[in-house]
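Source file: input-v7.csv; contents: CSV, C-alpha atoms and all ligand atoms.
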```
chain,number,residue,atom,x,y,z
A,21,MET,CA,83.2,87.1,104.5
A,22,SER,CA,82.4,88.4,101.1
A,23,ILE,CA,81.6,92.0,100.3
A,24,ALA,CA,77.9,91.2,100.0
A,25,ASN,CA,77.9,90.8,103.8
A,26,SER,CA,79.5,94.2,104.3
A,27,GLY,CA,76.6,95.7,102.3
A,28,ILE,CA,78.8,98.0,100.3
A,29,THR,CA,77.7,97.9,96.7
A,30,ASN,CA,78.6,101.3,95.2
A,31,ALA,CA,81.9,102.0,93.6
A,32,VAL,CA,83.3,105.3,92.1
A,33,VAL,CA,85.9,105.2,89.4
A,34,PRO,CA,87.5,108.6,88.7
A,35,VAL,CA,88.7,108.8,85.1
A,36,ALA,CA,88.7,112.6,84.6
A,37,GLY,CA,92.5,113.3,84.8
A,38,LEU,CA,94.1,114.8,81.7
A,39,GLY,CA,96.9,112.3,81.6
A,40,THR,CA,99.5,114.9,80.7
A,41,ARG,CA,102.3,112.8,82.0
A,42,MET,CA,101.6,110.4,79.2
A,43,LEU,CA,101.6,112.7,76.2
A,44,PRO,CA,101.5,112.2,73.2
A,45,ALA,CA,99.8,108.8,73.8
A,46,THR,CA,97.0,110.6,75.7
A,47,LYS,CA,96.4,113.6,73.4
A,48,SER,CA,93.1,112.3,72.0
A,49,GLN,CA,92.5,109.2,74.1
A,50,PRO,CA,92.1,108.7,77.8
A,51,LYS,CA,95.1,107.1,79.7
A,52,GLU,CA,92.6,104.7,81.2
A,53,MET,CA,92.0,103.2,77.7
A,54,LEU,CA,95.7,102.5,77.0
A,55,PRO,CA,96.1,98.8,76.5
A,56,VAL,CA,98.0,96.6,79.0
A,57,GLY,CA,98.4,93.3,77.2
A,58,LYS,CA,95.0,92.8,75.5
A,59,ARG,CA,92.8,94.9,77.6
A,60,PRO,CA,92.5,98.6,78.3
A,61,VAL,CA,93.6,99.6,81.9
A,62,VAL,CA,90.1,100.5,83.0
A,63,GLN,CA,88.7,97.1,82.0
A,64,TYR,CA,90.9,95.5,84.7
A,65,VAL,CA,89.6,97.9,87.2
A,66,ILE,CA,86.0,97.1,86.4
A,67,GLU,CA,86.6,93.4,86.4
A,68,GLU,CA,88.1,93.8,89.9
A,69,LEU,CA,85.0,95.6,91.1
A,70,ASP,CA,82.8,92.9,89.5
A,71,ARG,CA,84.7,90.1,91.2
A,72,ASN,CA,84.4,91.9,94.5
A,73,ASN,CA,80.6,91.9,94.1
A,74,PHE,CA,80.0,95.6,93.7
A,75,GLN,CA,76.8,96.4,91.8
A,76,ARG,CA,76.8,100.0,90.8
A,77,VAL,CA,79.7,101.9,89.3
A,78,LEU,CA,79.8,105.7,88.9
A,79,PHE,CA,82.5,106.9,86.5
A,80,ILE,CA,83.6,110.5,87.0
A,81,THR,CA,84.6,111.4,83.5
A,82,GLY,CA,85.9,114.5,81.8
A,83,ALA,CA,86.6,115.9,78.3
A,84,ASN,CA,87.7,113.3,75.7
A,85,LYS,CA,86.6,110.3,77.7
A,86,TYR,CA,83.7,109.0,75.5
A,87,SER,CA,85.7,105.9,74.5
A,88,ILE,CA,85.3,104.6,78.1
A,89,GLU,CA,81.5,104.8,77.9
A,90,ASN,CA,81.6,103.1,74.4
A,91,HIS,CA,83.9,100.3,75.8
A,92,PHE,CA,81.4,99.3,78.4
A,93,ASP,CA,78.3,99.5,76.2
A,94,PRO,CA,77.3,96.2,74.7
A,95,ASP,CA,77.8,96.3,70.9
A,96,PRO,CA,75.2,94.2,69.2
A,97,VAL,CA,76.5,95.1,65.7
A,98,LEU,CA,80.0,93.9,66.5
A,99,THR,CA,78.6,90.8,68.2
A,100,ARG,CA,76.4,89.9,65.2
A,101,HIS,CA,79.3,90.5,62.8
A,102,LEU,CA,81.6,88.2,64.8
A,103,ARG,CA,78.9,85.5,64.9
A,104,GLU,CA,78.1,85.7,61.2
A,105,THR,CA,81.7,85.6,60.2
A,106,GLY,CA,82.4,82.5,62.3
A,107,LYS,CA,84.7,84.3,64.7
A,108,GLU,CA,83.2,82.7,67.8
A,109,GLU,CA,86.5,82.7,69.7
A,110,LEU,CA,86.6,86.5,69.5
A,111,LEU,CA,83.2,86.7,71.2
A,112,GLU,CA,84.9,85.4,74.3
A,113,GLU,CA,87.0,88.6,74.4
A,114,LEU,CA,83.7,90.5,74.8
A,115,GLU,CA,82.6,88.5,77.8
A,116,PHE,CA,83.1,91.5,80.0
A,117,GLU,CA,80.2,93.2,78.3
A,118,ARG,CA,77.8,90.8,80.1
A,119,SER,CA,78.8,91.8,83.6
A,120,GLN,CA,75.9,92.5,85.9
A,121,LEU,CA,77.3,95.9,86.9
A,122,HIS,CA,75.2,99.0,86.4
A,123,PHE,CA,77.2,101.9,85.1
A,124,PHE,CA,76.5,105.6,85.7
A,125,TYR,CA,78.5,108.5,84.4
A,126,THR,CA,78.9,112.0,85.5
A,127,ARG,CA,81.3,114.7,84.3
A,128,GLN,CA,83.9,116.8,86.1
A,129,LYS,CA,83.8,120.0,84.1
A,130,THR,CA,86.9,121.7,85.5
A,131,GLN,CA,90.1,120.0,86.6
A,132,ARG,CA,90.0,120.8,90.3
A,133,GLY,CA,91.6,117.6,91.6
A,134,LEU,CA,90.8,114.2,92.8
A,135,GLY,CA,88.9,115.5,95.9
A,136,ASP,CA,86.6,117.6,93.7
A,137,ALA,CA,86.1,114.6,91.4
A,138,ILE,CA,84.9,112.5,94.4
A,139,LEU,CA,82.5,115.3,95.4
A,140,HIS,CA,80.6,114.5,92.1
A,141,ALA,CA,79.7,111.1,93.8
A,142,GLU,CA,77.7,112.7,96.6
A,143,GLU,CA,74.3,112.3,95.1
A,144,PHE,CA,75.1,108.9,93.8
A,145,SER,CA,76.1,107.4,97.1
A,146,GLY,CA,73.9,109.5,99.4
A,147,THR,CA,74.4,108.2,103.0
A,148,GLN,CA,75.8,104.8,101.9
A,149,PRO,CA,79.4,103.9,102.1
A,150,PHE,CA,81.2,103.4,98.8
A,151,ALA,CA,84.5,102.3,97.3
A,152,VAL,CA,86.8,104.4,95.2
A,153,ALA,CA,89.1,102.7,92.6
A,154,LEU,CA,91.3,105.0,90.6
A,155,GLY,CA,90.9,104.2,86.9
A,156,ASP,CA,94.6,104.3,86.1
A,157,SER,CA,95.8,101.7,88.6
A,158,ILE,CA,95.5,97.9,88.3
A,159,LEU,CA,95.7,95.7,91.4
A,160,GLY,CA,97.2,92.3,90.9
A,161,ARG,CA,98.0,90.7,87.6
A,162,ASN,CA,94.6,89.0,86.8
A,163,SER,CA,92.0,91.3,88.4
A,164,GLN,CA,91.8,88.7,91.2
A,165,SER,CA,92.5,91.1,94.0
A,166,ARG,CA,90.2,90.7,97.0
A,167,ALA,CA,91.7,93.8,98.7
A,168,LEU,CA,88.5,95.9,98.3
A,169,SER,CA,86.4,93.1,99.9
A,170,HIS,CA,88.8,92.9,102.8
A,171,MET,CA,88.7,96.7,103.2
A,172,ALA,CA,84.9,96.8,103.0
A,173,GLU,CA,84.7,94.2,105.7
A,174,LEU,CA,87.1,96.1,108.0
A,175,PHE,CA,85.1,99.3,107.3
A,176,THR,CA,81.9,97.7,108.5
A,177,THR,CA,83.1,95.6,111.4
A,178,GLN,CA,85.4,98.2,112.8
A,179,LYS,CA,83.0,101.1,112.2
A,180,CYS,CA,85.5,103.3,110.3
A,181,ALA,CA,85.0,106.6,108.5
A,182,ALA,CA,87.5,105.4,105.9
A,183,VAL,CA,89.8,102.5,105.0
A,184,VAL,CA,92.7,103.2,102.6
A,185,ALA,CA,95.0,100.8,100.7
A,186,PHE,CA,98.8,101.4,101.0
A,187,GLU,CA,102.0,100.1,99.5
A,188,GLU,CA,105.6,100.7,100.5
A,189,VAL,CA,107.4,102.9,98.0
A,190,PRO,CA,111.1,103.9,97.8
A,191,LEU,CA,112.0,107.1,99.6
A,192,GLU,CA,112.7,108.9,96.3
A,193,ASP,CA,109.1,108.3,95.2
A,194,VAL,CA,107.2,109.6,98.3
A,195,SER,CA,106.6,113.0,96.6
A,196,GLN,CA,104.3,111.3,94.1
A,197,TYR,CA,101.8,109.9,96.6
A,198,GLY,CA,99.7,110.4,99.7
A,199,ILE,CA,101.9,109.2,102.6
A,200,ALA,CA,100.6,107.9,105.9
A,201,ALA,CA,101.9,108.2,109.5
A,202,ALA,CA,101.6,104.8,111.3
A,203,ASP,CA,102.8,103.6,114.7
A,204,LYS,CA,105.0,101.1,112.9
A,205,MET,CA,105.6,99.7,109.5
A,206,PRO,CA,102.8,97.1,109.0
A,207,ALA,CA,103.6,93.7,107.4
A,208,PRO,CA,102.1,93.1,103.9
A,209,GLY,CA,98.4,92.4,104.3
A,210,GLU,CA,98.3,93.9,107.8
A,211,GLN,CA,95.9,96.7,108.9
A,212,PHE,CA,97.0,99.8,110.8
A,213,VAL,CA,95.5,103.0,112.3
A,214,VAL,CA,96.3,106.0,110.1
A,215,ARG,CA,97.6,108.6,112.5
A,216,ASP,CA,98.1,111.3,109.9
A,217,ILE,CA,98.4,111.6,106.1
A,218,VAL,CA,100.1,114.1,103.8
A,219,GLU,CA,99.7,114.5,100.1
A,220,LYS,CA,102.9,114.4,98.0
A,221,PRO,CA,105.4,115.3,100.8
A,222,THR,CA,109.1,116.0,100.2
A,223,ARG,CA,111.4,113.2,101.4
A,224,ASP,CA,112.1,115.3,104.6
A,225,GLU,CA,108.4,115.8,105.3
A,226,ALA,CA,107.3,112.2,104.6
A,227,PRO,CA,106.1,110.5,107.8
A,228,SER,CA,106.8,107.0,106.3
A,229,GLN,CA,107.1,105.3,103.0
A,230,LEU,CA,103.5,104.0,103.1
A,231,ALA,CA,101.9,105.4,100.0
A,232,VAL,CA,98.2,105.5,99.2
A,233,ALA,CA,97.6,102.8,96.5
A,234,ALA,CA,94.5,103.8,94.5
A,235,ARG,CA,91.8,102.0,96.5
A,236,TYR,CA,89.6,103.5,99.3
A,237,ILE,CA,86.4,102.8,101.2
A,238,PHE,CA,84.6,105.9,102.5
A,239,GLY,CA,81.6,106.6,104.7
A,240,PRO,CA,79.4,109.7,103.9
A,241,GLN,CA,81.5,111.8,106.3
A,242,ILE,CA,84.0,112.2,103.5
A,243,PHE,CA,81.7,114.7,101.7
A,244,PRO,CA,81.5,117.4,104.4
A,245,ALA,CA,85.3,117.0,104.8
A,246,LEU,CA,85.7,117.5,101.1
A,247,HIS,CA,83.4,120.5,101.1
A,248,HIS,CA,85.6,122.1,103.7
A,249,THR,CA,88.9,121.2,102.0
A,250,ALA,CA,90.8,124.2,100.6
A,251,PRO,CA,92.9,123.8,97.4
A,252,GLY,CA,96.2,122.0,98.4
A,253,LYS,CA,99.1,120.6,96.4
A,254,GLY,CA,99.0,121.8,92.8
A,255,GLY,CA,96.2,124.2,93.7
A,256,GLU,CA,93.8,121.2,93.6
A,257,ILE,CA,91.2,119.9,96.1
A,258,GLN,CA,93.1,116.9,97.4
A,259,LEU,CA,91.3,113.7,98.6
A,260,THR,CA,94.2,113.1,100.9
A,261,ASP,CA,93.6,116.5,102.6
A,262,ALA,CA,89.9,115.5,103.3
A,263,ILE,CA,91.1,112.1,104.8
A,264,ARG,CA,93.5,114.1,106.9
A,265,ALA,CA,90.7,116.2,108.2
A,266,LEU,CA,88.8,113.0,109.2
A,267,VAL,CA,91.8,111.8,111.1
A,268,HIS,CA,92.2,115.2,112.8
A,269,ASN,CA,88.5,115.2,113.8
A,270,GLY,CA,89.1,111.9,115.7
A,271,GLU,CA,87.3,109.7,113.1
A,272,LYS,CA,88.6,106.1,112.7
A,273,VAL,CA,90.7,105.8,109.5
A,274,LEU,CA,92.4,102.4,108.9
A,275,GLY,CA,95.0,101.6,106.4
A,276,VAL,CA,95.7,98.2,104.9
A,277,ARG,CA,99.1,97.5,103.5
A,278,LEU,CA,98.4,95.5,100.3
A,279,PRO,CA,99.7,91.9,100.3
A,280,GLN,CA,102.4,91.0,97.7
A,281,SER,CA,99.8,89.3,95.5
A,282,ASP,CA,98.1,92.6,95.1
A,283,THR,CA,100.9,94.6,93.5
A,284,ARG,CA,99.6,98.0,92.3
A,285,TYR,CA,100.4,98.8,88.7
A,286,ASP,CA,100.4,102.5,88.1
A,287,ILE,CA,99.5,103.6,84.5
A,288,GLY,CA,100.0,107.3,85.2
A,289,ASN,CA,103.6,107.5,83.9
A,290,PHE,CA,105.5,105.9,81.1
A,291,GLU,CA,108.1,104.1,83.2
A,292,ASP,CA,105.5,102.2,85.1
A,293,TYR,CA,103.3,101.8,82.1
A,294,PHE,CA,106.1,100.1,80.1
A,295,LYS,CA,107.0,97.8,83.0
A,296,THR,CA,103.4,96.8,83.4
A,297,PHE,CA,102.8,96.2,79.7
A,298,VAL,CA,105.9,94.0,79.4
A,299,GLU,CA,105.0,92.0,82.6
A,300,PHE,CA,101.4,91.4,81.5
A,301,ALA,CA,102.4,90.5,77.9
A,302,LEU,CA,105.1,88.1,79.2
A,303,PHE,CA,102.5,86.4,81.3
A,304,ASP,CA,99.9,86.2,78.5
A,305,GLU,CA,98.8,82.6,78.1
A,306,LYS,CA,98.8,82.7,74.3
A,307,TYR,CA,101.5,85.2,73.3
A,308,GLY,CA,103.7,85.1,76.4
A,309,PRO,CA,106.0,82.2,75.5
A,310,ALA,CA,106.9,83.6,72.1
A,311,LEU,CA,107.4,87.0,73.5
A,312,ARG,CA,109.8,85.7,76.2
A,313,GLN,CA,111.9,84.1,73.5
A,314,HIS,CA,111.9,87.4,71.5
A,315,VAL,CA,112.9,89.5,74.5
A,316,ARG,CA,115.6,87.0,75.4
A,317,GLN,CA,117.0,87.3,71.9
A,318,LEU,CA,116.9,91.0,72.1
A,319,LEU,CA,118.7,91.1,75.4
A,320,GLU,CA,121.4,88.6,74.2
A,321,GLN,CA,122.0,90.8,71.1
A,322,GLU,CA,122.4,93.8,73.3
A,323,ASN,CA,124.9,92.0,75.6
A,324,ALA,CA,126.9,90.5,72.6
B,401,LIG,C1,96.5,110.3,93.6
B,401,LIG,C2,96.4,110.7,95.0
B,401,LIG,C3,97.6,110.2,95.8
B,401,LIG,C4,97.7,108.7,95.6
B,401,LIG,C5,97.8,108.4,94.1
B,401,LIG,C6,97.9,106.8,93.9
B,401,LIG,O1,97.6,111.0,93.0
B,401,LIG,O2,96.2,112.1,95.1
B,401,LIG,O3,97.4,110.5,97.2
B,401,LIG,O4,98.9,108.2,96.3
B,401,LIG,O5,96.7,108.9,93.4
B,401,LIG,O6,96.8,106.2,94.4
B,401,LIG,P1,97.8,111.2,91.4
B,401,LIG,O7,98.4,109.9,90.9
B,401,LIG,O8,96.4,111.4,90.8
B,401,LIG,O9,98.7,112.3,91.3
```

Turn the structure described in the file into structure tokens.
Ligand code: G1P
Amino acid sequence: MSIANSGITNAVVPVAGLGTRMLPATKSQPKEMLPVGKRPVVQYVIEELDRNNFQRVLFITGANKYSIENHFDPDPVLTRHLRETGKEELLEELEFERSQLHFFYTRQKTQRGLGDAILHAEEFSGTQPFAVALGDSILGRNSQSRALSHMAELFTTQKCAAVVAFEEVPLEDVSQYGIAAADKMPAPGEQFVVRDIVEKPTRDEAPSQLAVAARYIFGPQIFPALHHTAPGKGGEIQLTDAIRALVHNGEKVLGVRLPQSDTRYDIGNFEDYFKTFVEFALFDEKYGPALRQHVRQLLEQENA
């Protein structure tokens, strides 16, 4: 079943975070615009939403995020210049500008957390269910992930209040994520009932190693839950705490453990950003083979 059958056409992409973990690269540009291979991170996210047949995208932006809006605006001057100077092959690189998605933008004026950012989508989505795709995380290497379609289908057929994507993380990393309690560890690709969820627990508090992986589907019930959510970890309104309230109110919240083909690439810290960049560049059709050679030589020199 495609997502068109689930009827979920709205997606929300929060891009308001300050990106302080990636200074100085993010001093004057959004972390979502950092390149991974040839494209900025957020372009992969939008291509994923497009391939999963969403129609309307609301960006929750903040200070210093204008370049995201510029990136998704068609640029007729640039297009004409490329055509007139015979650089037709570069026009293909701007193919994404022709996506049928309708973009909307709203601004989170103060940094009050991810939960507060999602509250800015209340008017946009009204009583309709919607997807959330965090703008600093890529799913799968070529924006081919169908995870959101699958989650939307589950949401509709199983009458959920929320469906959340998860991945298994090492124990030492649980304190960076929202962590779920499940009856047992699901296999990759499998769904499970979320029994509880805790934002950034210590190792000892963590109910499992199942970490929220940057993709969600919500019904409108999330908004009253968010309105009632007090500041949590870091003094911020946490989306995870509102999901927890849904679970505690007896609402149906399902988790989906991402299949291996849908690896989540986190661009929120340098270690993961470097790994992701190298991986995507090594697999680039045009530049990958020469880069592999270069990296091999570098490693050989280091081992000599
Ligand atoms: C946010 C969420 C967290 C989630 C993570 C990755 O944290 O609060 O629950 O696990 O995204 O999807 P952040 O990376 O913004 O600190």

*asked:* Please identify all protein, DNA and RNA residues within 9 Å of ligand LIG 401 (chain B), counting all atoms listed in the file, and report them as a VMD selection string.
replied: chain A and resid 37 133 to 135 153 to 154 156 to 157 185 to 186 194 196 to 199 218 to 220 231 to 235 258 to 261 284 286 288

*asked:* Using all atoms listed in the file, can you tell me which of A:Gly209, A:Arg215, A:Thr40, A:Asn289 comes closest to Arg166 in chain A?
replied: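 Of all the options, A:Gly209 lies closest to Arg166 in chain A.
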
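Proximity of A:Glu320, A:Ala137, A:Ile80, A:Asp70 to Arg118 in chain A, computed with all atoms listed in the file, is greatest for A:Asp70.
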
*One-decimal distance in Å that lies between CA of Gln211 in chain A and CA of Gly239 in chain A*: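 Between CA of Gly239 in chain A and CA of Gln211 in chain A the gap is 17.9 Å.
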
*Mind checking which residues fall within 9 Å of Thr176 in chain A, counting all atoms listed in the file, ignoring those fewer than 6 positions away in the same chain, and posting them as a list of chain:residue names?*
A:Ser26, A:Gly27, A:Ile28

*Between A:Pro279, A:Thr46, A:Val273, A:Thr222, which is the closest to Lys253 in chain A once you count all atoms listed in the file?*
A:Thr222

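The spacing separating CA of Ala265 in chain A from CA of Ala201 in chain A amounts to 13.8 Å.
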
*Hey, can you check how far CA of Ser163 in chain A sits from CA of Thr147 in chain A?*
28.4 Å

*Hey, which of A:Ala172, A:Leu121, A:Ile66, A:Leu278 ends up closest to Pro206 in chain A? Count all atoms listed in the file.*
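Closest to Pro206 in chain A, using all atoms listed in the file: A:Leu278.
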
_Just checking: using all atoms listed in the file, which residue out of A:Glu112, A:Gln120, A:Gly160, A:Arg277 ends up closest to Lys204 in chain A?_
A:Arg277

*A:Lys306, A:His170, A:Arg100, A:Lys295 ranked by distance to Asn72 in chain A, top pick (using all atoms listed in the file)*: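 Between A:Lys306, A:His170, A:Arg100, A:Lys295, the residue approaching Asn72 in chain A most closely is A:His170.
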
Just add N, CA and C atoms to range 255-275 of chain A and send it as an mmCIF file, in the coordinates of the input.
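Saved file result.cif follows:
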```cif
data_model
loop_
_atom_site.group_PDB
_atom_site.id
_atom_site.type_symbol
_atom_site.label_atom_id
_atom_site.label_comp_id
_atom_site.auth_asym_id
_atom_site.auth_seq_id
_atom_site.Cartn_x
_atom_site.Cartn_y
_atom_site.Cartn_z
ATOM 1 N N GLY A 255 97.360 123.358 93.754
ATOM 2 C CA GLY A 255 96.200 124.200 93.700
ATOM 3 C C GLY A 255 94.884 123.418 93.523
ATOM 4 N N GLU A 256 94.936 122.090 93.775
ATOM 5 C CA GLU A 256 93.800 121.200 93.600
ATOM 6 C C GLU A 256 93.154 120.791 94.904
ATOM 7 N N ILE A 257 91.861 120.436 94.869
ATOM 8 C CA ILE A 257 91.200 119.900 96.100
ATOM 9 C C ILE A 257 91.678 118.426 96.181
ATOM 10 N N GLN A 258 92.434 118.168 97.233
ATOM 11 C CA GLN A 258 93.100 116.900 97.400
ATOM 12 C C GLN A 258 92.236 115.938 98.271
ATOM 13 N N LEU A 259 91.979 114.728 97.779
ATOM 14 C CA LEU A 259 91.300 113.700 98.600
ATOM 15 C C LEU A 259 92.030 113.428 99.857
ATOM 16 N N THR A 260 93.353 113.375 99.749
ATOM 17 C CA THR A 260 94.200 113.100 100.900
ATOM 18 C C THR A 260 93.972 114.129 102.028
ATOM 19 N N ASP A 261 93.788 115.409 101.635
ATOM 20 C CA ASP A 261 93.600 116.500 102.600
ATOM 21 C C ASP A 261 92.258 116.234 103.391
ATOM 22 N N ALA A 262 91.236 115.742 102.679
ATOM 23 C CA ALA A 262 89.900 115.500 103.300
ATOM 24 C C ALA A 262 90.088 114.272 104.282
ATOM 25 N N ILE A 263 90.877 113.271 103.887
ATOM 26 C CA ILE A 263 91.100 112.100 104.800
ATOM 27 C C ILE A 263 91.838 112.604 106.026
ATOM 28 N N ARG A 264 92.790 113.506 105.812
ATOM 29 C CA ARG A 264 93.500 114.100 106.900
ATOM 30 C C ARG A 264 92.600 114.781 107.915
ATOM 31 N N ALA A 265 91.622 115.509 107.359
ATOM 32 C CA ALA A 265 90.700 116.200 108.200
ATOM 33 C C ALA A 265 89.865 115.189 109.046
ATOM 34 N N LEU A 266 89.504 114.053 108.438
ATOM 35 C CA LEU A 266 88.800 113.000 109.200
ATOM 36 C C LEU A 266 89.641 112.550 110.368
ATOM 37 N N VAL A 267 90.922 112.274 110.090
ATOM 38 C CA VAL A 267 91.800 111.800 111.100
ATOM 39 C C VAL A 267 91.928 112.854 112.250
ATOM 40 N N HIS A 268 92.094 114.117 111.856
ATOM 41 C CA HIS A 268 92.200 115.200 112.800
ATOM 42 C C HIS A 268 90.971 115.430 113.649
ATOM 43 N N ASN A 269 89.816 115.043 113.054
ATOM 44 C CA ASN A 269 88.500 115.200 113.800
ATOM 45 C C ASN A 269 88.282 113.981 114.698
ATOM 46 N N GLY A 270 89.230 113.082 114.772
ATOM 47 C CA GLY A 270 89.100 111.900 115.700
ATOM 48 C C GLY A 270 88.298 110.777 115.070
ATOM 49 N N GLU A 271 88.041 110.812 113.741
ATOM 50 C CA GLU A 271 87.300 109.700 113.100
ATOM 51 C C GLU A 271 88.306 108.527 112.920
ATOM 52 N N LYS A 272 87.743 107.321 112.849
ATOM 53 C CA LYS A 272 88.600 106.100 112.700
ATOM 54 C C LYS A 272 88.943 105.926 111.229
ATOM 55 N N VAL A 273 90.220 106.042 110.900
ATOM 56 C CA VAL A 273 90.700 105.800 109.500
ATOM 57 C C VAL A 273 91.715 104.669 109.607
ATOM 58 N N LEU A 274 91.402 103.565 108.933
ATOM 59 C CA LEU A 274 92.400 102.400 108.900
ATOM 60 C C LEU A 274 93.068 102.388 107.581
ATOM 61 N N GLY A 275 94.302 101.881 107.627
ATOM 62 C CA GLY A 275 95.000 101.600 106.400
ATOM 63 C C GLY A 275 95.204 100.095 106.300
#
```
